[in-house]
file entry_16.cif (mmCIF, C-alpha atoms)
data_structure
#
loop_
_atom_site.label_atom_id
_atom_site.label_comp_id
_atom_site.auth_asym_id
_atom_site.auth_seq_id
_atom_site.Cartn_x
_atom_site.Cartn_y
_atom_site.Cartn_z
CA MET K 1 0.00 0.00 0.00
CA ASP K 2 2.83 2.38 0.81
CA GLY K 3 4.46 1.58 -2.52
CA PHE K 4 1.26 2.26 -4.43
CA ALA K 5 0.78 5.60 -2.64
CA ALA K 6 4.32 6.63 -3.46
CA PHE K 7 3.70 5.65 -7.09
CA MET K 8 0.57 7.83 -7.27
CA VAL K 9 2.29 10.79 -5.61
CA PHE K 10 5.09 10.51 -8.17
CA TRP K 11 2.72 10.75 -11.13
CA VAL K 12 0.67 13.58 -9.60
CA VAL K 13 3.81 15.64 -9.03
CA LEU K 14 4.98 14.85 -12.56
CA PHE K 15 1.68 16.02 -14.11
CA ILE K 16 1.81 19.23 -12.07
CA ILE K 17 5.34 19.98 -13.22
CA ILE K 18 4.45 19.27 -16.86
CA GLY K 19 1.33 21.48 -16.60
CA LEU K 20 3.25 24.37 -15.08
CA PHE K 21 5.88 24.15 -17.76
CA HIS K 22 3.27 24.01 -20.53
CA ASN K 23 1.35 27.01 -19.13
CA LYS K 24 4.54 28.97 -18.81
CA ARG K 25 5.24 28.42 -22.49
CA LYS K 26 1.70 29.47 -23.51
CA LYS K 27 1.52 32.51 -21.26
CA PRO K 28 2.59 35.65 -23.16
CA GLY K 29 5.50 37.39 -21.68
CA LYS K 30 5.66 41.06 -20.87
CA LYS K 31 6.34 43.37 -23.77
CA VAL K 32 9.94 44.22 -23.91
CA ASN K 33 10.68 47.74 -25.04
CA ARG K 34 13.33 47.75 -27.65
CA PRO K 35 15.41 50.60 -28.99
CA LEU K 36 13.57 52.74 -31.53
CA PRO K 37 14.34 52.05 -35.17
CA PRO K 38 16.78 54.62 -36.62
CA PHE K 39 13.95 56.26 -38.64
CA TYR K 40 11.85 57.03 -35.57
CA ARG K 41 14.90 57.87 -33.47
CA ASP K 42 15.75 60.62 -35.95
CA VAL K 43 12.12 61.82 -35.92
CA CYS K 44 12.07 62.03 -32.13
CA GLU K 45 15.36 63.90 -32.03
CA ALA K 46 14.21 66.46 -34.65
CA LEU K 47 10.81 67.02 -33.02
CA GLY K 48 12.12 67.05 -29.45
CA ILE K 49 10.01 64.05 -28.42
CA VAL K 50 11.51 62.20 -25.45
CA LYS K 51 8.93 59.45 -24.93
CA GLY K 52 8.97 56.61 -27.39
CA SER K 53 8.68 52.84 -27.34
CA SER K 54 9.14 50.02 -29.78
CA SER K 55 7.83 46.50 -29.29
CA SER K 56 9.23 43.21 -30.46
CA ALA K 57 6.34 43.07 -32.93
CA GLY K 58 7.69 46.17 -34.63
CA SER K 59 5.08 48.68 -33.44
CA VAL K 60 6.20 52.16 -32.46
CA TYR K 61 4.45 54.63 -30.17
CA LEU K 62 5.67 58.19 -29.61
CA THR K 63 4.19 60.89 -27.38
CA GLY K 64 5.28 64.41 -26.71
CA SER K 65 4.72 68.07 -27.44
CA VAL K 66 5.40 69.88 -30.71
CA GLN K 67 5.06 73.67 -30.89
CA GLY K 68 3.01 73.60 -27.69
CA LYS K 69 0.57 70.92 -28.91
CA LYS K 70 0.27 67.41 -27.46
CA ILE K 71 1.00 64.87 -30.16
CA SER K 72 1.01 61.08 -30.35
CA ILE K 73 2.41 59.03 -33.22
CA LYS K 74 1.99 55.32 -33.74
CA ASN K 75 2.29 52.96 -36.61
CA GLU K 76 -0.67 50.76 -37.48
CA GLU K 77 0.32 47.18 -38.33
CA MET K 78 -2.15 46.55 -41.13
CA GLU K 79 -1.99 44.90 -44.53
CA VAL K 80 -0.76 48.26 -45.78
CA PRO K 81 1.19 49.86 -42.89
CA LEU K 82 -0.15 53.23 -41.75
CA ILE K 83 1.15 55.88 -39.41
CA GLN K 84 -1.42 57.68 -37.23
CA ILE K 85 -0.62 61.19 -36.04
CA PHE K 86 -2.98 62.61 -33.42
CA LEU K 87 -2.79 66.20 -32.20
CA GLN K 88 -4.90 67.72 -29.42
CA HIS K 89 -6.04 71.33 -29.39
CA GLY K 90 -8.97 73.55 -28.45
CA ILE K 91 -10.55 75.79 -31.08
CA GLY K 92 -12.85 78.44 -29.68
CA ALA K 93 -15.47 78.15 -32.41
CA ARG K 94 -19.18 78.15 -31.66
CA GLY K 95 -20.78 74.80 -32.34
CA LEU K 96 -19.20 71.62 -33.65
CA PHE K 97 -17.43 71.27 -36.94
CA ARG K 98 -15.47 68.70 -38.92
CA ILE K 99 -13.11 69.30 -41.79
CA ALA K 100 -12.12 66.11 -43.57
CA LYS K 101 -10.42 65.06 -46.75
CA GLU K 102 -13.00 64.22 -49.39
CA SER K 103 -13.62 60.49 -49.84
CA PRO K 104 -15.02 58.71 -52.91
CA LEU K 105 -18.37 58.44 -51.07
CA SER K 106 -18.57 62.16 -50.22
CA LYS K 107 -17.64 63.06 -53.80
CA LEU K 108 -20.42 60.78 -55.04
CA LYS K 109 -22.94 62.49 -52.73
CA ARG K 110 -21.87 65.88 -54.04
CA ALA K 111 -22.22 64.65 -57.61
CA VAL K 112 -25.88 63.81 -56.96
CA GLY K 113 -26.61 67.21 -55.43
CA LYS K 114 -25.83 66.73 -51.74
CA ASN K 115 -23.36 69.57 -51.40
CA ASP K 116 -21.35 70.29 -48.29
CA PHE K 117 -20.63 73.71 -46.88
CA THR K 118 -18.12 75.57 -49.04
CA VAL K 119 -15.86 78.50 -48.17
CA GLY K 120 -15.63 79.80 -51.75
CA ASP K 121 -12.17 78.50 -52.70
CA ARG K 122 -12.99 76.05 -55.47
CA ARG K 123 -9.77 74.06 -55.25
CA PHE K 124 -9.97 73.75 -51.45
CA ASP K 125 -13.68 72.93 -51.53
CA ASP K 126 -13.01 70.13 -54.02
CA VAL K 127 -10.45 68.54 -51.70
CA MET K 128 -12.01 69.05 -48.26
CA LEU K 129 -15.46 68.28 -46.87
CA ILE K 130 -16.77 70.70 -44.24
CA THR K 131 -19.71 70.16 -41.90
CA ALA K 132 -20.48 72.75 -39.23
CA THR K 133 -23.24 74.01 -36.99
CA ASN K 134 -21.98 77.60 -37.29
CA ASN K 135 -20.79 78.57 -40.75
CA SER K 136 -19.59 82.06 -39.80
CA ASP K 137 -16.97 80.71 -37.40
CA ILE K 138 -15.63 78.29 -40.01
CA LEU K 139 -15.41 81.06 -42.62
CA ALA K 140 -13.49 83.18 -40.14
CA LEU K 141 -11.04 80.32 -39.46
CA MET K 142 -10.50 79.29 -43.07
CA ASN K 143 -8.26 82.10 -44.28
CA ASP K 144 -6.10 81.58 -47.36
CA ASP K 145 -3.01 80.65 -45.31
CA VAL K 146 -4.67 77.85 -43.35
CA ARG K 147 -6.53 76.58 -46.43
CA GLU K 148 -3.28 76.28 -48.35
CA LYS K 149 -1.61 74.37 -45.50
CA ILE K 150 -4.56 72.03 -44.96
CA GLU K 151 -4.81 71.27 -48.66
CA LYS K 152 -1.09 70.56 -48.89
CA ALA K 153 -1.13 68.32 -45.81
CA ALA K 154 -4.15 66.43 -47.12
CA GLY K 155 -2.14 65.53 -50.21
CA TYR K 156 0.07 63.27 -48.07
CA CYS K 157 -2.80 61.62 -46.18
CA SER K 158 -4.96 58.59 -46.61
CA SER K 159 -7.38 60.53 -44.40
CA LEU K 160 -7.24 63.84 -42.57
CA GLU K 161 -9.77 65.13 -40.05
CA ILE K 162 -9.85 68.39 -38.12
CA SER K 163 -12.36 69.10 -35.35
CA ASN K 164 -12.77 71.48 -32.42
CA SER K 165 -10.61 69.20 -30.28
CA TRP K 166 -8.10 67.40 -32.46
CA ILE K 167 -6.35 66.80 -35.75
CA LYS K 168 -6.04 63.20 -36.92
CA ALA K 169 -3.97 62.14 -39.91
CA LEU K 170 -3.48 58.67 -41.34
CA VAL K 171 -0.52 58.40 -43.69
CA TYR K 172 0.83 55.35 -45.51
CA SER K 173 4.21 54.50 -44.03
CA SER K 174 5.74 54.40 -47.49
CA THR K 175 4.82 58.08 -47.97
CA PHE K 176 7.47 59.18 -45.48
CA HIS K 177 10.53 58.16 -47.44
CA SER K 178 12.75 60.07 -45.03
CA PRO K 179 12.60 61.22 -41.39
CA ASP K 180 12.85 64.84 -42.57
CA LEU K 181 9.59 64.57 -44.51
CA MET K 182 7.75 63.16 -41.50
CA VAL K 183 9.23 65.87 -39.27
CA TRP K 184 8.02 68.55 -41.70
CA PHE K 185 4.53 66.99 -41.84
CA VAL K 186 4.13 66.82 -38.05
CA ASN K 187 5.35 70.39 -37.69
CA GLU K 188 2.90 71.50 -40.40
CA LEU K 189 -0.02 69.96 -38.48
CA ALA K 190 1.12 71.89 -35.40
CA VAL K 191 1.30 75.11 -37.45
CA ILE K 192 -2.24 74.52 -38.76
CA SER K 193 -3.45 73.97 -35.20
CA ASN K 194 -1.76 77.13 -33.95
CA ILE K 195 -3.34 79.21 -36.72
CA LEU K 196 -6.78 77.77 -35.97
CA THR K 197 -6.45 78.27 -32.21
CA LYS K 198 -5.01 81.78 -32.38
CA PRO K 199 -7.38 83.93 -30.30
CA ALA K 200 -9.08 86.82 -32.10
CA PRO K 201 -12.64 88.22 -32.13
CA LEU K 202 -14.89 86.73 -34.82
CA LYS K 203 -15.65 90.18 -36.25
CA LYS K 204 -11.96 90.97 -36.66
CA LYS K 205 -11.27 87.63 -38.40
CA LEU K 206 -14.11 88.17 -40.88
CA ILE K 207 -12.99 91.72 -41.70
CA THR K 208 -9.39 90.56 -42.16
CA ASN K 209 -10.51 87.86 -44.59
CA ILE K 210 -12.66 90.34 -46.54
CA GLN K 211 -9.72 92.69 -46.93
CA SER K 212 -6.94 90.20 -47.63
CA ASP K 213 -8.09 86.80 -48.87
CA ASN K 214 -6.94 85.79 -52.34
CA GLU K 215 -10.30 84.36 -53.46
CA PRO K 216 -13.18 86.74 -54.37
CA GLU K 217 -15.87 84.23 -53.43
CA VAL K 218 -14.27 83.74 -50.02
CA ARG K 219 -14.26 87.51 -49.50
CA ILE K 220 -17.94 87.64 -50.48
CA ASN K 221 -18.90 84.79 -48.13
CA ASN K 222 -17.06 86.43 -45.24
CA LEU K 223 -18.77 89.73 -46.07
CA ARG K 224 -22.19 88.08 -45.97
CA ALA K 225 -21.36 86.41 -42.66
CA LEU K 226 -20.24 89.74 -41.21
CA MET K 227 -23.35 91.64 -42.34
CA SER K 228 -25.71 88.93 -41.11
CA GLY K 229 -24.05 88.63 -37.72
CA PHE K 230 -23.11 92.20 -36.77
CA ARG K 231 -24.80 95.59 -36.78
CA MET K 232 -23.47 98.37 -38.94
CA ASP K 233 -20.90 100.54 -37.16
CA ASN K 234 -18.05 102.83 -38.22
CA GLU K 235 -15.59 99.96 -38.46
CA ILE K 236 -17.85 97.94 -40.74
CA LYS K 237 -18.81 101.00 -42.80
CA THR K 238 -15.13 101.82 -43.37
CA MET K 239 -14.51 98.23 -44.45
CA LEU K 240 -17.43 98.36 -46.90
CA GLU K 241 -16.18 101.61 -48.41
CA LYS K 242 -12.76 100.05 -48.92
CA ALA K 243 -14.44 97.03 -50.53
CA LEU K 244 -15.80 99.35 -53.25
CA LEU K 245 -12.21 99.45 -54.49
CA ASP K 246 -11.85 95.67 -54.57
CA ILE K 247 -10.26 94.32 -57.72
CA ASP K 248 -13.25 92.02 -58.22
CA PHE K 249 -16.54 93.63 -59.28
CA SER K 250 -18.68 90.98 -57.57
CA VAL K 251 -17.13 91.97 -54.22
CA GLN K 252 -17.79 95.64 -54.97
CA ILE K 253 -21.45 94.91 -55.74
CA GLU K 254 -21.84 92.79 -52.60
CA ALA K 255 -20.44 95.59 -50.44
CA ALA K 256 -22.29 98.43 -52.18
CA GLN K 257 -25.75 97.09 -51.35
CA HIS K 258 -25.10 97.85 -47.67
CA LEU K 259 -24.06 101.48 -48.23
CA GLY K 260 -27.42 103.07 -49.00
CA LYS K 261 -27.64 105.71 -51.70
CA ALA K 262 -23.85 105.92 -52.10
CA GLY K 263 -23.76 102.20 -52.73
CA MET K 264 -26.54 102.40 -55.29
CA LYS K 265 -24.68 105.15 -57.15
CA HIS K 266 -21.63 102.90 -57.24
CA ILE K 267 -23.61 99.97 -58.64
CA ALA K 268 -25.23 102.22 -61.24
CA ALA K 269 -21.79 103.45 -62.27
CA LEU K 270 -20.65 99.84 -62.76
CA LEU K 271 -23.72 99.07 -64.88
CA LYS K 272 -22.91 101.96 -67.22
CA ASP K 273 -19.94 99.94 -68.42
CA THR K 274 -21.31 96.40 -68.58
CA VAL K 275 -18.50 95.21 -70.85
CA ARG K 276 -16.35 94.85 -67.73
CA LEU K 277 -18.98 92.79 -65.89
CA ASN K 278 -19.84 89.14 -66.33
CA LYS K 279 -23.44 87.96 -66.59
CA ASP K 280 -23.73 87.10 -62.91
CA ASP K 281 -22.47 90.55 -61.92
CA VAL K 282 -25.02 92.27 -64.18
CA LEU K 283 -27.89 90.16 -62.85
CA LYS K 284 -26.85 90.74 -59.23
CA ALA K 285 -26.45 94.49 -59.73
CA VAL K 286 -29.86 94.82 -61.41
CA GLU K 287 -31.48 92.75 -58.66
CA ILE K 288 -30.01 94.94 -55.91
CA ILE K 289 -31.12 98.17 -57.61
CA GLY K 290 -34.67 96.83 -57.74
CA LYS K 291 -34.57 95.46 -54.20
CA GLU K 292 -33.35 98.79 -52.84
CA LYS K 293 -35.95 100.68 -54.95
CA TYR K 294 -33.36 103.03 -56.40
CA ALA K 295 -35.63 105.20 -58.57
CA ALA K 296 -32.76 107.28 -59.95
CA ALA K 297 -31.69 104.20 -61.90
CA ILE K 298 -34.88 104.01 -64.03
CA PRO K 299 -33.28 105.71 -67.09
CA LEU K 300 -30.29 103.39 -66.75
CA LEU K 301 -32.50 100.31 -66.55
CA ILE K 302 -34.32 101.40 -69.72
CA GLU K 303 -30.96 101.88 -71.42
CA LEU K 304 -29.87 98.41 -70.32
CA TYR K 305 -33.10 96.89 -71.60
CA ASN K 306 -32.45 98.38 -75.04
CA ASN K 307 -28.90 97.04 -75.10
CA LYS K 308 -28.94 94.08 -77.49
CA ASN K 309 -26.03 92.49 -75.66
CA LEU K 310 -28.09 92.26 -72.47
CA LYS K 311 -31.12 90.39 -73.76
CA PHE K 312 -30.37 87.62 -71.27
CA CYS K 313 -31.38 89.85 -68.37
CA ARG K 314 -34.45 91.64 -69.75
CA PRO K 315 -36.89 89.82 -67.42
CA GLU K 316 -34.68 90.77 -64.45
CA ILE K 317 -34.56 94.40 -65.59
CA LEU K 318 -38.35 94.51 -65.74
CA GLU K 319 -38.53 92.87 -62.32
CA ALA K 320 -36.32 95.65 -60.95
CA VAL K 321 -38.51 98.30 -62.61
CA LYS K 322 -41.58 96.66 -61.06
CA ASN K 323 -40.00 96.63 -57.61
CA ILE K 324 -39.02 100.30 -57.87
CA GLY K 325 -42.56 101.20 -58.94
CA ASP K 326 -41.81 104.66 -60.30
CA SER K 327 -44.08 106.40 -62.83
CA ALA K 328 -41.00 107.56 -64.75
CA ALA K 329 -40.93 104.10 -66.33
CA ALA K 330 -44.58 104.13 -67.46
CA GLY K 331 -43.97 105.64 -70.91
CA PHE K 332 -41.29 103.09 -71.75
CA LEU K 333 -43.42 100.21 -70.47
CA LEU K 334 -46.49 101.25 -72.48
CA LYS K 335 -44.49 101.68 -75.66
CA GLU K 336 -42.79 98.30 -75.37
CA LEU K 337 -45.98 96.51 -74.31
CA GLU K 338 -47.36 96.84 -77.82
CA THR K 339 -44.60 94.65 -79.30
CA ALA K 340 -43.49 92.61 -76.30
CA GLY K 341 -42.74 88.97 -77.01
CA SER K 342 -44.10 86.16 -74.89
CA ASP K 343 -40.84 85.89 -72.90
CA VAL K 344 -41.29 89.38 -71.43
CA LEU K 345 -45.03 90.08 -71.82
CA ILE K 346 -45.96 89.13 -68.25
CA PRO K 347 -43.02 91.09 -66.74
CA PHE K 348 -44.17 94.17 -68.70
CA ILE K 349 -47.74 93.73 -67.48
CA GLU K 350 -46.59 93.33 -63.86
CA ALA K 351 -44.30 96.36 -64.08
CA LEU K 352 -47.17 98.51 -65.36
CA GLY K 353 -49.15 97.42 -62.32
CA THR K 354 -46.71 99.31 -60.07
CA CYS K 355 -45.61 102.09 -62.45
CA GLY K 356 -48.61 102.79 -64.68
CA GLY K 357 -51.51 105.17 -64.30
CA VAL K 358 -55.00 105.43 -65.80
CA ASP K 359 -53.57 105.54 -69.31
CA ALA K 360 -52.13 102.06 -68.79
CA VAL K 361 -55.48 100.41 -68.12
CA GLU K 362 -56.78 100.18 -71.68
CA PRO K 363 -53.50 98.80 -73.14
CA LEU K 364 -53.36 96.28 -70.32
CA TYR K 365 -56.93 95.29 -70.94
CA ARG K 366 -56.25 94.72 -74.63
CA SER K 367 -53.26 92.54 -73.77
CA GLY K 368 -55.51 90.34 -71.68
CA LYS K 369 -58.28 90.23 -74.26
CA ASN K 370 -55.82 89.20 -76.98
CA SER K 371 -54.44 86.26 -75.03
CA PHE K 372 -55.64 82.75 -74.33
CA ASN K 373 -52.89 82.31 -71.73
CA PRO K 374 -54.48 82.26 -68.25
CA ALA K 375 -51.23 83.52 -66.71
CA VAL K 376 -51.28 86.59 -68.97
CA ARG K 377 -54.94 87.30 -68.28
CA ASN K 378 -54.40 86.87 -64.55
CA ALA K 379 -51.39 89.21 -64.62
CA VAL K 380 -53.46 91.84 -66.45
CA GLN K 381 -56.28 91.65 -63.94
CA ASN K 382 -53.85 91.89 -61.00
CA SER K 383 -52.03 94.87 -62.49
CA ILE K 384 -55.22 96.78 -63.26
CA GLY K 385 -56.34 96.08 -59.70
CA LYS K 386 -53.07 97.48 -58.36
CA ILE K 387 -53.46 100.63 -60.44
CA GLN K 388 -56.97 101.15 -59.13
CA ALA K 389 -55.91 100.49 -55.55
CA ARG K 390 -53.01 102.92 -55.86
CA LEU K 391 -55.09 105.72 -57.38
CA GLY K 392 -57.81 105.40 -54.76
CA ASN K 393 -60.56 108.04 -54.57
CA VAL K 394 -58.47 110.79 -56.11
CA GLU K 395 -59.96 109.85 -59.48
CA SER K 396 -63.45 110.83 -60.56
CA GLY K 397 -64.44 107.21 -60.27
CA TRP K 398 -63.22 103.67 -60.66
CA LEU K 399 -62.28 103.01 -64.24
CA THR K 400 -63.97 99.89 -65.54
CA LEU K 401 -63.89 98.08 -68.79
CA SER K 402 -67.02 96.71 -70.43
CA ALA K 403 -66.87 94.21 -73.23
CA PRO K 404 -70.32 94.15 -74.91
CA ASP K 405 -70.55 92.18 -78.13
CA ALA K 406 -71.26 95.35 -80.10
CA ALA K 407 -68.35 97.34 -78.69
CA ASP K 408 -65.69 94.97 -77.47
CA GLY K 409 -63.11 96.70 -75.35
CA ALA K 410 -65.09 99.92 -74.78
CA LEU K 411 -64.14 102.03 -71.77
CA SER K 412 -66.60 103.34 -69.22
CA PHE K 413 -66.47 105.11 -65.87
CA ALA K 414 -68.40 103.65 -62.97
CA ASP K 415 -70.13 105.51 -60.20
CA ASP K 416 -68.02 106.72 -57.31
CA THR K 417 -69.56 104.06 -55.11
CA GLU K 418 -68.53 101.15 -57.30
CA LYS K 419 -65.57 99.31 -55.80
CA ASP K 420 -65.25 96.29 -58.05
CA ALA K 421 -61.88 95.75 -59.71
CA LEU K 422 -61.59 95.62 -63.47
CA SER K 423 -62.29 92.28 -65.05
CA ILE K 424 -61.72 90.78 -68.45
CA SER K 425 -64.61 89.20 -70.29
CA ASP K 426 -64.12 85.75 -71.75
CA THR K 427 -65.97 86.71 -74.92
CA GLY K 428 -64.99 88.47 -78.08
CA HIS K 429 -61.37 87.34 -78.51
CA ALA K 430 -61.59 84.19 -80.56
CA GLY K 431 -58.50 83.62 -82.63
CA ALA K 432 -56.51 86.43 -81.00
CA LYS K 433 -52.76 86.01 -80.54
CA GLU K 434 -50.01 87.52 -78.41
CA LYS K 435 -48.36 90.67 -79.69
CA GLY K 436 -44.85 90.06 -80.84
CA ASP K 437 -45.30 86.30 -80.89
CA ASP K 438 -46.68 83.91 -83.51
CA THR K 439 -47.81 81.37 -80.94
CA THR K 440 -51.15 81.58 -79.18
CA GLN K 441 -50.65 82.34 -75.50
#
call {"tool": "encode", "arguments": {"input": "entry_16.cif", "output": "structure tokens"}}
result
Amino acid sequence: MDGFAAFMVFWVVLFIIIGLFHNKRKKPGKKVNRPLPPFYRDVCEALGIVKGSSSSAGSVYLTGSVQGKKISIKNEEMEVPLIQIFLQHGIGARGLFRIAKESPLSKLKRAVGKNDFTVGDRRFDDVMLITATNNSDILALMNDDVREKIEKAAGYCSSLEISNSWIKALVYSSTFHSPDLMVWFVNELAVISNILTKPAPLKKKLITNIQSDNEPEVRINNLRALMSGFRMDNEIKTMLEKALLDIDFSVQIEAAQHLGKAGMKHIAALLKDTVRLNKDDVLKAVEIIGKEKYAAAIPLLIELYNNKNLKFCRPEILEAVKNIGDSAAAGFLLKELETAGSDVLIPFIEALGTCGGVDAVEPLYRSGKNSFNPAVRNAVQNSIGKIQARLGNVESGWLTLSAPDAADGALSFADDTEKDALSISDTGHAGAKEKGDDTTQ
């Protein structure tokens, strides 16, 4: 019995020893930090990074501070090796935002009409995708210097993201063919961060961009953000006056609309020499003159309408005349109404509604009677109603139009007590056509 017990104890001890040895072999050992590879050692030395580790598996992790920003660098052991560079910062912008390198998916979304926020720099906007809850702050941050640096950095990246709190770049390891290139790239990210985090009032940033940015559309977008977010004061007024000297006419026009009568005079002066303006500038200038009801521009608008090179904006010119609503345009409108083509007939009718007097009623009525187009007839009725409403009781009575079979289109005056608006009979116009157009309207 004692021999059997000893035999069993022997085997138990043996199994325990074998098990411990086997487990020791399976149990992973502690990671042993190895000296950094020469590439990363040179990077650390150039950047002033003192903390770095390298594992037996070949991974590298560096942490430190570059130009006052906390930075971590690590290589990602993937099928295609990547290096991740992560920088922490704090940008004092209102709301959240994300600036990221465009991906094939985001480009596809844009191609089907889902556009992201743009700053107005076409090349930058094609490369970077911006989402933000406060566009004004992003416009203020995205000056031409930082845009150029971000765009250049993105060219080295598989992906690049910038937010309120960090910058994250993923770069293929093979991209950094030398330590010097990686050192430059990391320093450039720190420079971008320092530009973005540089403290300055939003108003000052916007004004600086308006006065100095290289891209006209960026200057315009910053100007719009400034005018929508701040009240007019001497500083803003001075900036707007300086913008009237901008090398780009679209910037001048954008600024002029906020300068009252002086601004309207400036826009009118630009429109007197339309050869220098592109189509968009002409359309915008005409729109602003109408919106601001600048009556002194009526002769100019008539001149522009008669310019054969500006046929593309005739409806917009008439819209401006309508919005101004000045009787000085009535003679021109009545004369042109007689031969107006279908493309401008309704704009002429609507303009007469705000500019015309009693003498416009009969020509308007005839235009309605000679048309099968319900839109034309409705425009005529509305314009005649506006003329009546504007003249009020100063006339001897409400002018009405009767259309008896025996005297189609005859004019008559109603009693002073009659308040009904003019109407157009549905009879007596069979076969009539639009003036200036061979097609029945």
call {"tool": "atom_distance", "arguments": {"input": "entry_16.cif", "atom1": "CA of Arg231 (chain K)", "atom2": "CA of Thr133 (chain K)"}}
result
21.6 Å
call {"tool": "closest_residue", "arguments": {"input": "entry_16.cif", "among": "K:Phe230, K:Phe348, K:Tyr365, K:Trp166", "to": "Leu206 (chain K)", "atoms": "all atoms listed in the file"}}
result
K:Phe230
call {"tool": "closest_residue", "arguments": {"input": "entry_16.cif", "among": "K:Leu352, K:Ala225, K:Ala269, K:Ile167", "to": "Leu244 (chain K)", "atoms": "all atoms listed in the file"}}
result
K:Ala269
call {"tool": "residues_around", "arguments": {"input": "entry_16.cif", "residues": "Lys152 (chain K)", "least_positions_apart": "6", "cutoff": "10 Å", "atoms": "all atoms listed in the file", "output": "list in words"}}
result
Phe124, Val127, Val146, Phe185 and Glu188 of chain K
call {"tool": "closest_residue", "arguments": {"input": "entry_16.cif", "among": "K:Thr274, K:Asp116, K:Asp233, K:Pro216", "to": "Asp246 (chain K)", "atoms": "all atoms listed in the file"}}
result
K:Pro216
call {"tool": "resolve_selection", "arguments": {"input": "entry_16.cif", "expression": "the PyMOL selection byres ((chain K and resi 241) around 10)", "output": "PDB file with C-alpha atoms, in the coordinates of the input"}}
result
ATOM      1  CA  ILE K 236     -17.850  97.940 -40.740  1.00  0.00           C
ATOM      2  CA  LYS K 237     -18.810 101.000 -42.800  1.00  0.00           C
ATOM      3  CA  THR K 238     -15.130 101.820 -43.370  1.00  0.00           C
ATOM      4  CA  MET K 239     -14.510  98.230 -44.450  1.00  0.00           C
ATOM      5  CA  LEU K 240     -17.430  98.360 -46.900  1.00  0.00           C
ATOM      6  CA  LYS K 242     -12.760 100.050 -48.920  1.00  0.00           C
ATOM      7  CA  ALA K 243     -14.440  97.030 -50.530  1.00  0.00           C
ATOM      8  CA  LEU K 244     -15.800  99.350 -53.250  1.00  0.00           C
ATOM      9  CA  LEU K 245     -12.210  99.450 -54.490  1.00  0.00           C
ATOM     10  CA  ASP K 246     -11.850  95.670 -54.570  1.00  0.00           C
ATOM     11  CA  GLN K 252     -17.790  95.640 -54.970  1.00  0.00           C
ATOM     12  CA  ALA K 255     -20.440  95.590 -50.440  1.00  0.00           C
ATOM     13  CA  ALA K 256     -22.290  98.430 -52.180  1.00  0.00           C
ATOM     14  CA  HIS K 258     -25.100  97.850 -47.670  1.00  0.00           C
ATOM     15  CA  LEU K 259     -24.060 101.480 -48.230  1.00  0.00           C
ATOM     16  CA  ALA K 262     -23.850 105.920 -52.100  1.00  0.00           C
ATOM     17  CA  GLY K 263     -23.760 102.200 -52.730  1.00  0.00           C
TER      18      GLY K 263
END
call {"tool": "resolve_selection", "arguments": {"input": "entry_16.cif", "expression": "the PyMOL selection byres ((chain K and resi 76-87) around 8)", "output": "MDAnalysis selection string"}}
result
chainID K and resid 59 69:75 88:89 166:174 186 189:190
call {"tool": "atom_distance", "arguments": {"input": "entry_16.cif", "atom1": "CA of Val218 (chain K)", "atom2": "CA of Gly120 (chain K)"}}
result
4.5 Å
call {"tool": "resolve_selection", "arguments": {"input": "entry_16.cif", "expression": "the PyMOL selection byres ((chain K and resi 331-335) around 7)", "output": "ChimeraX atom specification"}}
result
/K:329-330,336-338,348,352,360
call {"tool": "atom_distance", "arguments": {"input": "entry_16.cif", "atom1": "CA of Tyr305 (chain K)", "atom2": "CA of Ile253 (chain K)"}}
result
19.8 Å
call {"tool": "build_atoms", "arguments": {"input": "entry_16.cif", "residues": "region 358-366 of chain K", "atoms": "N, CA and C atoms", "output": "PDB file, in the frame of the given file"}}
result
ATOM      1  N   VAL K 358     -53.737 105.705 -65.107  1.00  0.00           N
ATOM      2  CA  VAL K 358     -55.000 105.430 -65.800  1.00  0.00           C
ATOM      3  C   VAL K 358     -54.771 105.095 -67.267  1.00  0.00           C
ATOM      4  N   ASP K 359     -53.801 105.766 -67.882  1.00  0.00           N
ATOM      5  CA  ASP K 359     -53.570 105.540 -69.310  1.00  0.00           C
ATOM      6  C   ASP K 359     -53.010 104.155 -69.612  1.00  0.00           C
ATOM      7  N   ALA K 360     -52.645 103.409 -68.576  1.00  0.00           N
ATOM      8  CA  ALA K 360     -52.130 102.060 -68.790  1.00  0.00           C
ATOM      9  C   ALA K 360     -53.231 101.019 -68.781  1.00  0.00           C
ATOM     10  N   VAL K 361     -54.426 101.402 -68.301  1.00  0.00           N
ATOM     11  CA  VAL K 361     -55.480 100.410 -68.120  1.00  0.00           C
ATOM     12  C   VAL K 361     -55.957  99.819 -69.438  1.00  0.00           C
ATOM     13  N   GLU K 362     -56.262 100.691 -70.408  1.00  0.00           N
ATOM     14  CA  GLU K 362     -56.780 100.180 -71.680  1.00  0.00           C
ATOM     15  C   GLU K 362     -55.758  99.296 -72.393  1.00  0.00           C
ATOM     16  N   PRO K 363     -54.477  99.690 -72.513  1.00  0.00           N
ATOM     17  CA  PRO K 363     -53.500  98.800 -73.140  1.00  0.00           C
ATOM     18  C   PRO K 363     -53.351  97.473 -72.405  1.00  0.00           C
ATOM     19  N   LEU K 364     -53.433  97.525 -71.091  1.00  0.00           N
ATOM     20  CA  LEU K 364     -53.360  96.280 -70.320  1.00  0.00           C
ATOM     21  C   LEU K 364     -54.560  95.392 -70.626  1.00  0.00           C
ATOM     22  N   TYR K 365     -55.703  96.027 -70.653  1.00  0.00           N
ATOM     23  CA  TYR K 365     -56.930  95.290 -70.940  1.00  0.00           C
ATOM     24  C   TYR K 365     -56.850  94.590 -72.292  1.00  0.00           C
ATOM     25  N   ARG K 366     -56.374  95.306 -73.290  1.00  0.00           N
ATOM     26  CA  ARG K 366     -56.250  94.720 -74.630  1.00  0.00           C
ATOM     27  C   ARG K 366     -55.283  93.539 -74.631  1.00  0.00           C
TER      28      ARG K 366
END
